[in-house]
Amino acid sequence: MTVNPAFPIVKVSRNAGADPDQTEAMQNETAVPKKTLSLIDGVALVVGIVVGTGIFKTPSLVAANTGSDGAFFLAWILGGAVSLIGALCYAELAAAYPHAGGDYHYLRRAFGKEAAFLFGWARMTVIQPGSIALLAFVFGDYLAPLLPPVVTPSLCAVLAVAALTAANVMGTRKGTVTQNVLTLAKVVGLFSVLLAGLAFAPPLSPAGGALPPAGGSFGLAMVFVLLTFGGWNEAAYISAELQQGERNMIRVLLGGVAAITALYLVAGAAYLTGLGIGGMSASEVVAADLMRKAFGDSGAGIVSLLIAVAALGAINATIFTGARTSYAVGRDFALFSLLGRWRQDTNTPATALLVQGVIAAVLVLMGAVTRRGFETMVEFTAPVFWLFFLLTGVAFFLLRRREPGTVRPFKVPLYPLVPALFCCSCGYMLHASLRYTGSGAAVGLGLLCTGGLVLAAARCHQRRKGEGI
């Protein structure tokens with residue numbers, strides 16, 4: 001059996017006088033991730049995270065900023081290419097350094113514990129809970145109108161977070177089976193709606209084929225495209241649990257990105273055929289408008305249910321991977337040791353999952369109070385996410401230089417061009433997320449800065465215990 005050296009197994013003897021509860025707690029604390037995830041599980045997680053709700057919203061924004069069919073398709077192809085470049089970099093990192101902490105582990109090796117802690121703090125408090133809350137808002141907004149009036153969008157959102165967190169706490173297999181079912185339903189449903197729109201939508205009217213207003217920006221269109229592709233890097237967080245990880249990680253990343261790109265191109269073709277570039281640019285809910293044109297209001301109801309399922313699948317996948325970073329932080333910092341316990345019986349970081357679920361639920365409630373939940377969560381998460389994405393790209397170069405003897409089962413082709421392109425794309429997205437967002441970005445960055453105070457407290461705590469940071 002191969003043991004991850006970062007998390008050595010500590011054998012616990014069960015003698016006659018031992019307290020069974022105490023022994024079980026010690027086993028849970030010293031247990032390590034098991035390689036229980038298959039190639040299909042990994043691809044399903046990547047597709048489940050990326051193909052969330054963006055494909056039902058951003059195509060209209062991309063159409064408004066491109067102005068022609070050719071430029072529209074070029075934007076999505078470039079988005080797939082940029083994601084593929086990033087996937088190649090992450091495939092090398094994940095294969096060389098398999099670890100449940102993903103980016104956290106790479107940043108720790110490259111920049112030290114302080115930088116890794118700030119990432120872990122940001123992921124615990126901003127990136128993952130904010131992403132979960134954002135998707136929960138979409139789920140609630142689309143599902144609630146199909147239910148009795150007493151069921152509000154906020155109630156749907158909170159219940160989704162609670163139910164899926166519980167499913168993942170119950171065990172890794174329960175979480176991945178749930179994810180596989182939701183991903184399958186989402187992909188099949190999306191293809192069914194798109195094909196129905198292509199086959200049954202009436203011919204375009206002259207107005208429907210009109211060009212969008214002038215003044216769009218192809219660069220802004222790429223911002224929306226790359227946001228829609230976001231999330232493929234989450235595969236790195238299952239590298240320690242993936243069967244035959246050295247061989248399957250590259251397949252998970254490249255296969256997932258290829259499947260997503262193909263799906264988005266089919267979606268774009270259906271939207272353009274049914275609505276035209278002008279009709280798309282004028283639409284607020286492009287998928288619902290396509291179905292309404294093909295089948296009337298009943299078609300719009302079908303696509304609303306589809307979007308709710310898509311959001312549910314993305315919530316589940318984000319919950320599954322998000323708690324892995326909190327677990328890694330708990331292993332490294334005694335102040336958060338409760339998060340670093342891996343339950344042996346369920347093969348899950350149960351405490352980390354529960355803490356993440358509570359934070360996400362609080363954000364849902366805050367968003368319900370402001371009545372701008374979705375927009376606020378986008379502003380809240382984007383700058384922090386792209387900042388650490390860029391730092392991971394820089395870490396790639398540092399680890400190549402500092403650790404040349406590390407076995408790398410997969411190496412990025414055309415080094416250093418490919419990782420350099422990845423860093424440039426991350427830098428551009430960081431700039432764009434700061435330029436085009438409002439007060440929510442300041443709140444997210446402010447919360448990141450508070451991580452410095454928490455880090456100081458963690459250092460003092462460990463010094464008192466005679467431990468080094």
# chains A, B, ... in the order shown; residues from 1 in each chain; ligands from 1
$ residues_around --residues "Pro383 in chain A" --least-positions-apart "4" --cutoff "7 Å" --atoms "only C-alpha atoms" --output "list in words"
Leu387, Leu430, Ser433, Leu434 and Ala441 of chain A
$ select_by_dssp --residues "range 113-340 of chain A" --states "alpha helix (DSSP H)" --output "PDB file with C-alpha atoms, in the first residue's frame"
ATOM      1  CA  LYS A 113       3.165  28.045   5.337  1.00  0.00           C
ATOM      2  CA  GLU A 114       2.174  31.695   5.627  1.00  0.00           C
ATOM      3  CA  ALA A 115       1.076  32.051   1.999  1.00  0.00           C
ATOM      4  CA  ALA A 116      -0.584  28.638   2.098  1.00  0.00           C
ATOM      5  CA  PHE A 117      -2.468  29.596   5.229  1.00  0.00           C
ATOM      6  CA  LEU A 118      -3.803  32.768   3.607  1.00  0.00           C
ATOM      7  CA  PHE A 119      -5.036  30.699   0.688  1.00  0.00           C
ATOM      8  CA  GLY A 120      -6.619  28.181   3.013  1.00  0.00           C
ATOM      9  CA  TRP A 121      -8.239  31.011   4.967  1.00  0.00           C
ATOM     10  CA  ALA A 122      -9.531  32.610   1.755  1.00  0.00           C
ATOM     11  CA  GLN A 128     -15.772  28.066  -1.519  1.00  0.00           C
ATOM     12  CA  PRO A 129     -18.580  29.279   0.758  1.00  0.00           C
ATOM     13  CA  GLY A 130     -19.181  32.206  -1.604  1.00  0.00           C
ATOM     14  CA  SER A 131     -19.328  29.877  -4.598  1.00  0.00           C
ATOM     15  CA  ILE A 132     -21.681  27.511  -2.785  1.00  0.00           C
ATOM     16  CA  ALA A 133     -23.941  30.407  -1.756  1.00  0.00           C
ATOM     17  CA  LEU A 134     -23.913  31.849  -5.286  1.00  0.00           C
ATOM     18  CA  LEU A 135     -25.026  28.549  -6.785  1.00  0.00           C
ATOM     19  CA  ALA A 136     -27.586  28.087  -4.028  1.00  0.00           C
ATOM     20  CA  PHE A 137     -29.142  31.436  -4.916  1.00  0.00           C
ATOM     21  CA  VAL A 138     -29.500  30.331  -8.527  1.00  0.00           C
ATOM     22  CA  PHE A 139     -31.009  27.026  -7.437  1.00  0.00           C
ATOM     23  CA  GLY A 140     -33.552  28.772  -5.240  1.00  0.00           C
ATOM     24  CA  ASP A 141     -34.442  31.448  -7.792  1.00  0.00           C
ATOM     25  CA  TYR A 142     -35.255  28.880 -10.473  1.00  0.00           C
ATOM     26  CA  LEU A 143     -36.865  26.193  -8.321  1.00  0.00           C
ATOM     27  CA  PRO A 153     -35.908  31.028  -2.924  1.00  0.00           C
ATOM     28  CA  SER A 154     -33.879  31.603   0.238  1.00  0.00           C
ATOM     29  CA  LEU A 155     -35.453  28.563   1.904  1.00  0.00           C
ATOM     30  CA  CYS A 156     -34.634  26.420  -1.140  1.00  0.00           C
ATOM     31  CA  ALA A 157     -31.045  27.702  -1.071  1.00  0.00           C
ATOM     32  CA  VAL A 158     -30.494  26.939   2.621  1.00  0.00           C
ATOM     33  CA  LEU A 159     -32.077  23.489   2.321  1.00  0.00           C
ATOM     34  CA  ALA A 160     -29.883  22.648  -0.681  1.00  0.00           C
ATOM     35  CA  VAL A 161     -26.709  23.572   1.233  1.00  0.00           C
ATOM     36  CA  ALA A 162     -27.812  21.593   4.299  1.00  0.00           C
ATOM     37  CA  ALA A 163     -28.940  18.481   2.411  1.00  0.00           C
ATOM     38  CA  LEU A 164     -25.869  18.196   0.179  1.00  0.00           C
ATOM     39  CA  THR A 165     -23.477  18.899   3.044  1.00  0.00           C
ATOM     40  CA  ALA A 166     -25.157  16.086   4.989  1.00  0.00           C
ATOM     41  CA  ALA A 167     -24.874  13.745   1.999  1.00  0.00           C
ATOM     42  CA  ASN A 168     -21.126  14.357   1.789  1.00  0.00           C
ATOM     43  CA  VAL A 169     -20.613  14.015   5.550  1.00  0.00           C
ATOM     44  CA  THR A 172     -17.299   9.765   0.095  1.00  0.00           C
ATOM     45  CA  ARG A 173     -19.207   7.178  -1.930  1.00  0.00           C
ATOM     46  CA  LYS A 174     -22.541   8.798  -1.084  1.00  0.00           C
ATOM     47  CA  GLY A 175     -21.181  12.176  -2.171  1.00  0.00           C
ATOM     48  CA  THR A 176     -19.753  10.912  -5.461  1.00  0.00           C
ATOM     49  CA  VAL A 177     -22.791   8.801  -6.312  1.00  0.00           C
ATOM     50  CA  THR A 178     -24.969  11.852  -5.741  1.00  0.00           C
ATOM     51  CA  GLN A 179     -22.621  13.860  -7.963  1.00  0.00           C
ATOM     52  CA  ASN A 180     -22.618  11.277 -10.753  1.00  0.00           C
ATOM     53  CA  VAL A 181     -26.425  11.158 -10.811  1.00  0.00           C
ATOM     54  CA  LEU A 182     -26.771  14.942 -10.818  1.00  0.00           C
ATOM     55  CA  THR A 183     -24.110  15.368 -13.500  1.00  0.00           C
ATOM     56  CA  LEU A 184     -25.700  12.746 -15.729  1.00  0.00           C
ATOM     57  CA  ALA A 185     -29.136  14.331 -15.327  1.00  0.00           C
ATOM     58  CA  LYS A 186     -27.697  17.761 -16.056  1.00  0.00           C
ATOM     59  CA  VAL A 187     -25.804  16.803 -19.211  1.00  0.00           C
ATOM     60  CA  VAL A 188     -28.636  14.684 -20.608  1.00  0.00           C
ATOM     61  CA  GLY A 189     -31.167  17.371 -19.779  1.00  0.00           C
ATOM     62  CA  LEU A 190     -29.073  20.132 -21.315  1.00  0.00           C
ATOM     63  CA  PHE A 191     -28.538  18.218 -24.536  1.00  0.00           C
ATOM     64  CA  SER A 192     -32.237  17.383 -24.674  1.00  0.00           C
ATOM     65  CA  VAL A 193     -33.243  21.027 -24.317  1.00  0.00           C
ATOM     66  CA  LEU A 194     -30.688  22.216 -26.866  1.00  0.00           C
ATOM     67  CA  LEU A 195     -31.627  19.582 -29.409  1.00  0.00           C
ATOM     68  CA  ALA A 196     -35.307  20.325 -28.860  1.00  0.00           C
ATOM     69  CA  GLY A 197     -34.607  24.006 -29.445  1.00  0.00           C
ATOM     70  CA  LEU A 198     -32.719  23.228 -32.656  1.00  0.00           C
ATOM     71  CA  ALA A 199     -35.411  20.884 -33.946  1.00  0.00           C
ATOM     72  CA  PHE A 200     -38.595  22.693 -32.928  1.00  0.00           C
ATOM     73  CA  PHE A 218     -14.126  41.094 -27.206  1.00  0.00           C
ATOM     74  CA  GLY A 219     -11.963  41.258 -24.087  1.00  0.00           C
ATOM     75  CA  LEU A 220     -15.050  41.633 -21.911  1.00  0.00           C
ATOM     76  CA  ALA A 221     -16.630  38.730 -23.778  1.00  0.00           C
ATOM     77  CA  MET A 222     -13.623  36.594 -22.792  1.00  0.00           C
ATOM     78  CA  VAL A 223     -14.159  37.558 -19.147  1.00  0.00           C
ATOM     79  CA  PHE A 224     -17.641  36.023 -19.280  1.00  0.00           C
ATOM     80  CA  VAL A 225     -16.401  32.987 -21.215  1.00  0.00           C
ATOM     81  CA  LEU A 226     -13.594  32.214 -18.760  1.00  0.00           C
ATOM     82  CA  LEU A 227     -15.936  32.670 -15.830  1.00  0.00           C
ATOM     83  CA  THR A 228     -18.205  30.060 -17.431  1.00  0.00           C
ATOM     84  CA  PHE A 229     -15.237  27.676 -17.770  1.00  0.00           C
ATOM     85  CA  GLY A 245      -3.840   9.105  -9.753  1.00  0.00           C
ATOM     86  CA  GLU A 246      -0.613   9.547 -11.722  1.00  0.00           C
ATOM     87  CA  ARG A 247      -2.260   8.228 -14.882  1.00  0.00           C
ATOM     88  CA  ASN A 248      -5.862   9.260 -14.351  1.00  0.00           C
ATOM     89  CA  MET A 249      -5.345  12.884 -13.277  1.00  0.00           C
ATOM     90  CA  ILE A 250      -4.339  14.024 -16.766  1.00  0.00           C
ATOM     91  CA  ARG A 251      -7.311  12.114 -18.159  1.00  0.00           C
ATOM     92  CA  VAL A 252      -9.682  13.737 -15.669  1.00  0.00           C
ATOM     93  CA  LEU A 253      -8.459  17.261 -16.433  1.00  0.00           C
ATOM     94  CA  LEU A 254      -8.105  17.024 -20.209  1.00  0.00           C
ATOM     95  CA  GLY A 255     -11.177  14.819 -20.642  1.00  0.00           C
ATOM     96  CA  GLY A 256     -13.258  17.127 -18.485  1.00  0.00           C
ATOM     97  CA  VAL A 257     -12.152  20.297 -20.298  1.00  0.00           C
ATOM     98  CA  ALA A 258     -12.676  18.688 -23.728  1.00  0.00           C
ATOM     99  CA  ALA A 259     -16.186  17.518 -22.795  1.00  0.00           C
ATOM    100  CA  ILE A 260     -17.084  20.942 -21.417  1.00  0.00           C
ATOM    101  CA  THR A 261     -15.791  22.772 -24.506  1.00  0.00           C
ATOM    102  CA  ALA A 262     -17.804  20.501 -26.801  1.00  0.00           C
ATOM    103  CA  LEU A 263     -20.908  21.002 -24.660  1.00  0.00           C
ATOM    104  CA  TYR A 264     -20.538  24.789 -24.743  1.00  0.00           C
ATOM    105  CA  LEU A 265     -20.063  24.844 -28.517  1.00  0.00           C
ATOM    106  CA  VAL A 266     -23.233  22.786 -28.988  1.00  0.00           C
ATOM    107  CA  ALA A 267     -25.071  25.148 -26.662  1.00  0.00           C
ATOM    108  CA  GLY A 268     -23.824  28.169 -28.621  1.00  0.00           C
ATOM    109  CA  ALA A 269     -24.929  26.612 -31.898  1.00  0.00           C
ATOM    110  CA  ALA A 270     -28.418  25.954 -30.504  1.00  0.00           C
ATOM    111  CA  TYR A 271     -28.773  29.479 -29.153  1.00  0.00           C
ATOM    112  CA  LEU A 272     -27.612  31.057 -32.402  1.00  0.00           C
ATOM    113  CA  THR A 273     -29.877  28.853 -34.514  1.00  0.00           C
ATOM    114  CA  GLY A 274     -32.942  29.513 -32.394  1.00  0.00           C
ATOM    115  CA  LEU A 275     -32.444  33.178 -31.450  1.00  0.00           C
ATOM    116  CA  GLY A 276     -29.723  34.662 -33.645  1.00  0.00           C
ATOM    117  CA  ILE A 277     -26.894  36.877 -32.426  1.00  0.00           C
ATOM    118  CA  GLY A 278     -29.226  39.833 -31.972  1.00  0.00           C
ATOM    119  CA  GLY A 279     -31.890  37.851 -30.131  1.00  0.00           C
ATOM    120  CA  MET A 280     -29.255  36.380 -27.819  1.00  0.00           C
ATOM    121  CA  SER A 281     -27.746  39.756 -26.963  1.00  0.00           C
ATOM    122  CA  VAL A 286     -31.280  32.878 -23.085  1.00  0.00           C
ATOM    123  CA  ALA A 287     -32.038  29.198 -22.411  1.00  0.00           C
ATOM    124  CA  ALA A 288     -35.572  29.940 -21.202  1.00  0.00           C
ATOM    125  CA  ASP A 289     -36.186  32.206 -24.223  1.00  0.00           C
ATOM    126  CA  LEU A 290     -35.031  29.450 -26.555  1.00  0.00           C
ATOM    127  CA  MET A 291     -37.406  26.934 -24.984  1.00  0.00           C
ATOM    128  CA  ARG A 292     -40.249  29.460 -24.867  1.00  0.00           C
ATOM    129  CA  LYS A 293     -39.826  30.000 -28.597  1.00  0.00           C
ATOM    130  CA  ALA A 294     -39.929  26.254 -29.249  1.00  0.00           C
ATOM    131  CA  PHE A 295     -42.641  25.150 -26.818  1.00  0.00           C
ATOM    132  CA  ASP A 297     -44.319  28.840 -21.433  1.00  0.00           C
ATOM    133  CA  SER A 298     -44.180  25.126 -20.679  1.00  0.00           C
ATOM    134  CA  GLY A 299     -40.758  25.024 -22.341  1.00  0.00           C
ATOM    135  CA  ALA A 300     -39.581  27.870 -20.109  1.00  0.00           C
ATOM    136  CA  GLY A 301     -40.715  25.854 -17.078  1.00  0.00           C
ATOM    137  CA  ILE A 302     -38.709  22.855 -18.251  1.00  0.00           C
ATOM    138  CA  VAL A 303     -35.536  24.877 -18.609  1.00  0.00           C
ATOM    139  CA  SER A 304     -36.072  26.452 -15.176  1.00  0.00           C
ATOM    140  CA  LEU A 305     -36.078  22.952 -13.681  1.00  0.00           C
ATOM    141  CA  LEU A 306     -32.968  22.104 -15.713  1.00  0.00           C
ATOM    142  CA  ILE A 307     -31.104  25.121 -14.381  1.00  0.00           C
ATOM    143  CA  ALA A 308     -32.086  24.158 -10.824  1.00  0.00           C
ATOM    144  CA  VAL A 309     -30.638  20.669 -11.380  1.00  0.00           C
ATOM    145  CA  ALA A 310     -27.473  22.162 -12.901  1.00  0.00           C
ATOM    146  CA  ALA A 311     -27.003  24.412  -9.885  1.00  0.00           C
ATOM    147  CA  LEU A 312     -27.628  21.494  -7.513  1.00  0.00           C
ATOM    148  CA  GLY A 313     -24.911  19.427  -9.183  1.00  0.00           C
ATOM    149  CA  ALA A 314     -22.436  22.305  -9.007  1.00  0.00           C
ATOM    150  CA  ILE A 315     -23.248  22.897  -5.325  1.00  0.00           C
ATOM    151  CA  ASN A 316     -22.594  19.247  -4.508  1.00  0.00           C
ATOM    152  CA  ALA A 317     -19.269  19.166  -6.345  1.00  0.00           C
ATOM    153  CA  THR A 318     -18.134  22.436  -4.756  1.00  0.00           C
ATOM    154  CA  ILE A 319     -19.030  21.167  -1.282  1.00  0.00           C
ATOM    155  CA  PHE A 320     -17.152  17.915  -1.943  1.00  0.00           C
ATOM    156  CA  THR A 321     -13.867  19.534  -2.985  1.00  0.00           C
ATOM    157  CA  GLY A 322     -13.995  22.683  -0.851  1.00  0.00           C
ATOM    158  CA  ALA A 323     -13.659  20.995   2.525  1.00  0.00           C
ATOM    159  CA  ARG A 324     -10.417  19.281   1.442  1.00  0.00           C
ATOM    160  CA  THR A 325      -8.461  22.531   1.768  1.00  0.00           C
ATOM    161  CA  SER A 326      -9.845  23.187   5.256  1.00  0.00           C
ATOM    162  CA  TYR A 327      -8.723  19.668   6.167  1.00  0.00           C
ATOM    163  CA  ALA A 328      -5.187  20.440   4.931  1.00  0.00           C
ATOM    164  CA  VAL A 329      -5.090  23.678   6.949  1.00  0.00           C
ATOM    165  CA  GLY A 330      -6.186  21.762  10.035  1.00  0.00           C
ATOM    166  CA  ARG A 331      -3.322  19.299   9.563  1.00  0.00           C
ATOM    167  CA  ASP A 332      -0.762  22.130   9.481  1.00  0.00           C
TER     168      ASP A 332
END
$ closest_residue --among "A:Ala456, A:Trp386, A:Phe422, A:Glu284" --to "Phe56 in chain A" --atoms "only C-alpha atoms"
A:Glu284
$ atom_distance --atom1 "CA of Pro416 in chain A" --atom2 "CA of Leu93 in chain A"
14.3 Å
$ residues_around --residues "Ala63 in chain A" --least-positions-apart "2" --cutoff "7 Å" --atoms "only C-alpha atoms" --output "MDAnalysis selection string"
chainID A and resid 59:61 65:67 72 277 280:281
$ atom_distance --atom1 "CA of Val43 in chain A" --atom2 "CA of Gln243 in chain A"
12.6 Å
$ closest_residue --among "A:Val50, A:Ala110, A:Val378, A:Leu147" --to "Gly80 in chain A" --atoms "only C-alpha atoms"
A:Val50
